[in-house]
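What follows is run-v2.cif (mmCIF, C-alpha atoms).
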data_data
#
loop_
_atom_site.group_PDB
_atom_site.id
_atom_site.type_symbol
_atom_site.label_atom_id
_atom_site.label_comp_id
_atom_site.auth_asym_id
_atom_site.auth_seq_id
_atom_site.Cartn_x
_atom_site.Cartn_y
_atom_site.Cartn_z
ATOM 1 C CA MET L 1 19.157 -41.687 -31.264
ATOM 2 C CA LYS L 2 15.760 -40.179 -30.637
ATOM 3 C CA ARG L 3 14.088 -37.726 -32.987
ATOM 4 C CA LYS L 4 14.160 -35.064 -30.258
ATOM 5 C CA GLN L 5 17.935 -35.453 -29.914
ATOM 6 C CA VAL L 6 18.425 -35.121 -33.677
ATOM 7 C CA LYS L 7 16.316 -31.958 -33.754
ATOM 8 C CA ASP L 8 18.224 -30.571 -30.770
ATOM 9 C CA ILE L 9 21.593 -31.277 -32.390
ATOM 10 C CA ILE L 10 20.564 -29.685 -35.702
ATOM 11 C CA THR L 11 19.180 -26.517 -34.128
ATOM 12 C CA ARG L 12 22.211 -26.191 -31.876
ATOM 13 C CA MET L 13 24.499 -26.653 -34.922
ATOM 14 C CA VAL L 14 22.765 -23.705 -36.563
ATOM 15 C CA ALA L 15 23.430 -21.685 -33.415
ATOM 16 C CA VAL L 16 27.107 -22.732 -33.482
ATOM 17 C CA VAL L 17 27.392 -21.563 -37.100
ATOM 18 C CA VAL L 18 25.796 -18.204 -36.311
ATOM 19 C CA ALA L 19 27.948 -17.652 -33.231
ATOM 20 C CA SER L 20 31.127 -18.666 -35.047
ATOM 21 C CA VAL L 21 30.438 -16.510 -38.092
ATOM 22 C CA MET L 22 29.497 -13.411 -36.130
ATOM 23 C CA GLY L 23 32.738 -13.536 -34.197
ATOM 24 C CA THR L 24 34.967 -13.687 -37.267
ATOM 25 C CA ILE L 25 33.319 -11.359 -39.756
ATOM 26 C CA GLY L 26 34.803 -8.279 -38.130
ATOM 27 C CA ALA L 27 38.245 -9.793 -37.702
ATOM 28 C CA GLY L 28 38.307 -10.970 -41.305
ATOM 29 C CA SER L 29 37.375 -7.567 -42.661
ATOM 30 C CA ILE L 30 40.084 -5.888 -40.591
ATOM 31 C CA ILE L 31 42.798 -8.025 -42.155
ATOM 32 C CA GLY L 32 41.323 -7.921 -45.669
ATOM 33 C CA VAL L 33 39.779 -11.393 -45.977
ATOM 34 C CA GLU L 34 36.615 -11.548 -48.074
ATOM 35 C CA LEU L 35 33.434 -11.768 -46.012
ATOM 36 C CA TRP L 36 32.250 -15.074 -47.455
ATOM 37 C CA LYS L 37 35.650 -16.696 -46.925
ATOM 38 C CA SER L 38 35.938 -15.753 -43.280
ATOM 39 C CA ALA L 39 32.306 -16.734 -42.634
ATOM 40 C CA SER L 40 32.753 -20.095 -44.354
ATOM 41 C CA MET L 41 35.918 -20.931 -42.467
ATOM 42 C CA ALA L 42 34.333 -20.034 -39.135
ATOM 43 C CA ALA L 43 31.212 -22.088 -39.851
ATOM 44 C CA ILE L 44 33.194 -25.135 -40.932
ATOM 45 C CA LEU L 45 35.467 -24.968 -37.904
ATOM 46 C CA GLY L 46 32.578 -24.576 -35.449
ATOM 47 C CA VAL L 47 30.688 -27.534 -36.903
ATOM 48 C CA ALA L 48 33.859 -29.651 -37.067
ATOM 49 C CA ILE L 49 34.555 -29.104 -33.364
ATOM 50 C CA VAL L 50 31.055 -30.259 -32.424
ATOM 51 C CA LEU L 51 31.099 -33.236 -34.795
ATOM 52 C CA GLU L 52 34.443 -34.364 -33.420
ATOM 53 C CA GLY L 53 33.094 -34.221 -29.871
ATOM 54 C CA LEU L 54 29.961 -36.146 -30.816
ATOM 55 C CA ALA L 55 31.964 -38.770 -32.708
ATOM 56 C CA ARG L 56 34.390 -39.305 -29.832
ATOM 57 C CA ALA L 57 31.523 -39.668 -27.368
ATOM 58 C CA TYR L 58 29.762 -42.158 -29.649
ATOM 59 C CA ILE L 59 32.934 -44.190 -30.154
ATOM 60 C CA ALA L 60 33.369 -44.529 -26.397
ATOM 61 C CA ASP L 61 30.120 -46.435 -25.747
ATOM 62 C CA GLY L 62 28.056 -46.589 -28.948
ATOM 63 C CA LYS L 63 25.434 -44.106 -27.804
ATOM 64 C CA LEU L 64 24.989 -40.414 -27.125
ATOM 65 C CA ASP L 65 23.335 -39.171 -23.975
ATOM 66 C CA GLU L 66 22.381 -35.617 -23.063
ATOM 67 C CA ALA L 67 25.554 -35.005 -21.063
ATOM 68 C CA GLU L 68 27.761 -36.058 -23.987
ATOM 69 C CA ILE L 69 25.827 -33.858 -26.396
ATOM 70 C CA ASN L 70 26.050 -30.900 -24.021
ATOM 71 C CA ASP L 71 29.773 -31.502 -23.579
ATOM 72 C CA ALA L 72 30.361 -31.478 -27.359
ATOM 73 C CA PHE L 73 28.507 -28.184 -27.741
ATOM 74 C CA GLY L 74 30.286 -26.756 -24.718
ATOM 75 C CA LYS L 75 33.612 -27.266 -26.496
ATOM 76 C CA ALA L 76 32.347 -25.298 -29.507
ATOM 77 C CA ASN L 77 31.373 -22.516 -27.122
ATOM 78 C CA GLY L 78 34.847 -22.377 -25.624
ATOM 79 C CA LYS L 79 33.938 -24.179 -22.397
ATOM 80 C CA LYS L 80 35.674 -27.251 -20.927
#

Before anything else, please render the file you have as structure tokens.
Amino acid sequence: MKRKQVKDIITRMVAVVVASVMGTIGAGSIIGVELWKSASMAAILGVAIVLEGLARAYIADGKLDEAEINDAFGKANGKK
């Protein structure tokens, strides 16, 4: 994997965490869940979805191309 791909994956993971957390903070507070708990759960789930997609793509052929990386992040964004 190229250094550019690693940097891209890491920065996109940060974006997944932010997007996941922002969507659940309000819902968690409405039902009485502590802020840090709802944020942690959302972050872990968002990252897990992406990592699963990346792992499955890597298992298939032993490499990750741009389309596979985009597909994994698309799943975390609710697409595909």

Name all residues at most 10 Å from Ser40 in chain L (count all atoms listed in the file; drop same-chain ones fewer than 2 positions away) and give them as a PyMOL selection string.
chain L and resi 17+20-21+24-25+35-38+42-46

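Using all atoms listed in the file, the nearest neighbour of Ala55 in chain L within the list L:Ile69, L:Lys4, L:Gly26, L:Ala15 is L:Ile69.
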
Grab the CA of Met22 in chain L to CA of Leu51 in chain L distance for me, in Å with one decimal place.
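Distance between the two atoms: 19.9 Å.
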
Might you spell out which residues the PyMOL selection byres ((chain L and resi 2) around 12) would select in the displayed file, as a list of chain:residue names?
L:Met1, L:Arg3, L:Lys4, L:Gln5, L:Val6, L:Lys7, L:Asp8, L:Ile9, L:Lys63, L:Leu64, L:Asp65, L:Glu66

Asp71 in chain L: which residues within 10 Å, counting all atoms listed in the file, same-chain residues fewer than 2 positions away excluded, as an MDAnalysis selection string?
chainID L and resid 50 53:54 57 66:69 73:77 79:80

Counting all atoms listed in the file, figure out which residue out of L:Arg12, L:Gly28, L:Val47, L:Arg56 gets nearest to Asn70 in chain L.
L:Arg12

Axis-aligned box for all listed atoms of range 56-59 of chain L, 5 Å per side, centre and edges in Å to one decimal, as JSON:
{"center_x": 32.1, "center_y": -41.7, "center_z": -28.8, "size_x": 14.6, "size_y": 14.9, "size_z": 12.8}

Take CA of Val18 in chain L and CA of Ala39 in chain L and report the distance between them in Å, one decimal.
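Here the two named atoms are 9.2 Å from each other.
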
Repaired coordinates for range 55-79 of chain L (N, CA and C atoms) as a JSON list (two decimals), in the frame of the given file:
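File produced: out-v3.json:
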[["chain", "number", "residue", "atom", "x", "y", "z"],
["L", 55, "ALA", "N", 31.40, -37.51, -32.23],
["L", 55, "ALA", "CA", 31.96, -38.77, -32.71],
["L", 55, "ALA", "C", 32.77, -39.47, -31.62],
["L", 56, "ARG", "N", 33.59, -38.71, -30.90],
["L", 56, "ARG", "CA", 34.39, -39.30, -29.83],
["L", 56, "ARG", "C", 33.51, -39.88, -28.72],
["L", 57, "ALA", "N", 32.44, -39.17, -28.40],
["L", 57, "ALA", "CA", 31.52, -39.67, -27.37],
["L", 57, "ALA", "C", 30.81, -40.93, -27.84],
["L", 58, "TYR", "N", 30.44, -40.98, -29.11],
["L", 58, "TYR", "CA", 29.76, -42.16, -29.65],
["L", 58, "TYR", "C", 30.70, -43.36, -29.72],
["L", 59, "ILE", "N", 31.95, -43.11, -30.08],
["L", 59, "ILE", "CA", 32.93, -44.19, -30.15],
["L", 59, "ILE", "C", 33.13, -44.84, -28.78],
["L", 60, "ALA", "N", 33.10, -44.03, -27.75],
["L", 60, "ALA", "CA", 33.37, -44.53, -26.40],
["L", 60, "ALA", "C", 32.39, -45.62, -25.96],
["L", 61, "ASP", "N", 31.08, -45.45, -26.24],
["L", 61, "ASP", "CA", 30.12, -46.44, -25.75],
["L", 61, "ASP", "C", 29.00, -46.77, -26.73],
["L", 62, "GLY", "N", 29.06, -46.24, -27.94],
["L", 62, "GLY", "CA", 28.06, -46.59, -28.95],
["L", 62, "GLY", "C", 26.72, -45.89, -28.80],
["L", 63, "LYS", "N", 26.67, -44.88, -27.95],
["L", 63, "LYS", "CA", 25.43, -44.11, -27.80],
["L", 63, "LYS", "C", 25.78, -42.69, -27.37],
["L", 64, "LEU", "N", 24.83, -41.80, -27.55],
["L", 64, "LEU", "CA", 24.99, -40.41, -27.12],
["L", 64, "LEU", "C", 23.91, -40.08, -26.11],
["L", 65, "ASP", "N", 24.32, -39.63, -24.94],
["L", 65, "ASP", "CA", 23.34, -39.17, -23.98],
["L", 65, "ASP", "C", 23.38, -37.64, -23.90],
["L", 66, "GLU", "N", 22.49, -37.08, -23.14],
["L", 66, "GLU", "CA", 22.38, -35.62, -23.06],
["L", 66, "GLU", "C", 23.67, -34.96, -22.57],
["L", 67, "ALA", "N", 24.32, -35.58, -21.61],
["L", 67, "ALA", "CA", 25.55, -35.01, -21.06],
["L", 67, "ALA", "C", 26.65, -34.96, -22.12],
["L", 68, "GLU", "N", 26.75, -36.02, -22.93],
["L", 68, "GLU", "CA", 27.76, -36.06, -23.99],
["L", 68, "GLU", "C", 27.47, -35.02, -25.07],
["L", 69, "ILE", "N", 26.21, -34.86, -25.40],
["L", 69, "ILE", "CA", 25.83, -33.86, -26.40],
["L", 69, "ILE", "C", 26.13, -32.46, -25.86],
["L", 70, "ASN", "N", 25.77, -32.21, -24.63],
["L", 70, "ASN", "CA", 26.05, -30.90, -24.02],
["L", 70, "ASN", "C", 27.54, -30.63, -23.95],
["L", 71, "ASP", "N", 28.33, -31.65, -23.65],
["L", 71, "ASP", "CA", 29.77, -31.50, -23.58],
["L", 71, "ASP", "C", 30.35, -31.13, -24.95],
["L", 72, "ALA", "N", 29.88, -31.78, -26.00],
["L", 72, "ALA", "CA", 30.36, -31.48, -27.36],
["L", 72, "ALA", "C", 30.05, -30.04, -27.75],
["L", 73, "PHE", "N", 28.87, -29.57, -27.42],
["L", 73, "PHE", "CA", 28.51, -28.18, -27.74],
["L", 73, "PHE", "C", 29.22, -27.20, -26.83],
["L", 74, "GLY", "N", 29.53, -27.62, -25.62],
["L", 74, "GLY", "CA", 30.29, -26.76, -24.72],
["L", 74, "GLY", "C", 31.68, -26.47, -25.26],
["L", 75, "LYS", "N", 32.29, -27.45, -25.89],
["L", 75, "LYS", "CA", 33.61, -27.27, -26.50],
["L", 75, "LYS", "C", 33.56, -26.25, -27.63],
["L", 76, "ALA", "N", 32.49, -26.26, -28.41],
["L", 76, "ALA", "CA", 32.35, -25.30, -29.51],
["L", 76, "ALA", "C", 32.12, -23.90, -28.97],
["L", 77, "ASN", "N", 31.63, -23.81, -27.75],
["L", 77, "ASN", "CA", 31.37, -22.52, -27.12],
["L", 77, "ASN", "C", 32.56, -22.02, -26.29],
["L", 78, "GLY", "N", 33.65, -22.77, -26.35],
["L", 78, "GLY", "CA", 34.85, -22.38, -25.62],
["L", 78, "GLY", "C", 34.88, -22.80, -24.18],
["L", 79, "LYS", "N", 33.99, -23.70, -23.77],
["L", 79, "LYS", "CA", 33.94, -24.18, -22.40],
["L", 79, "LYS", "C", 34.51, -25.59, -22.34]]
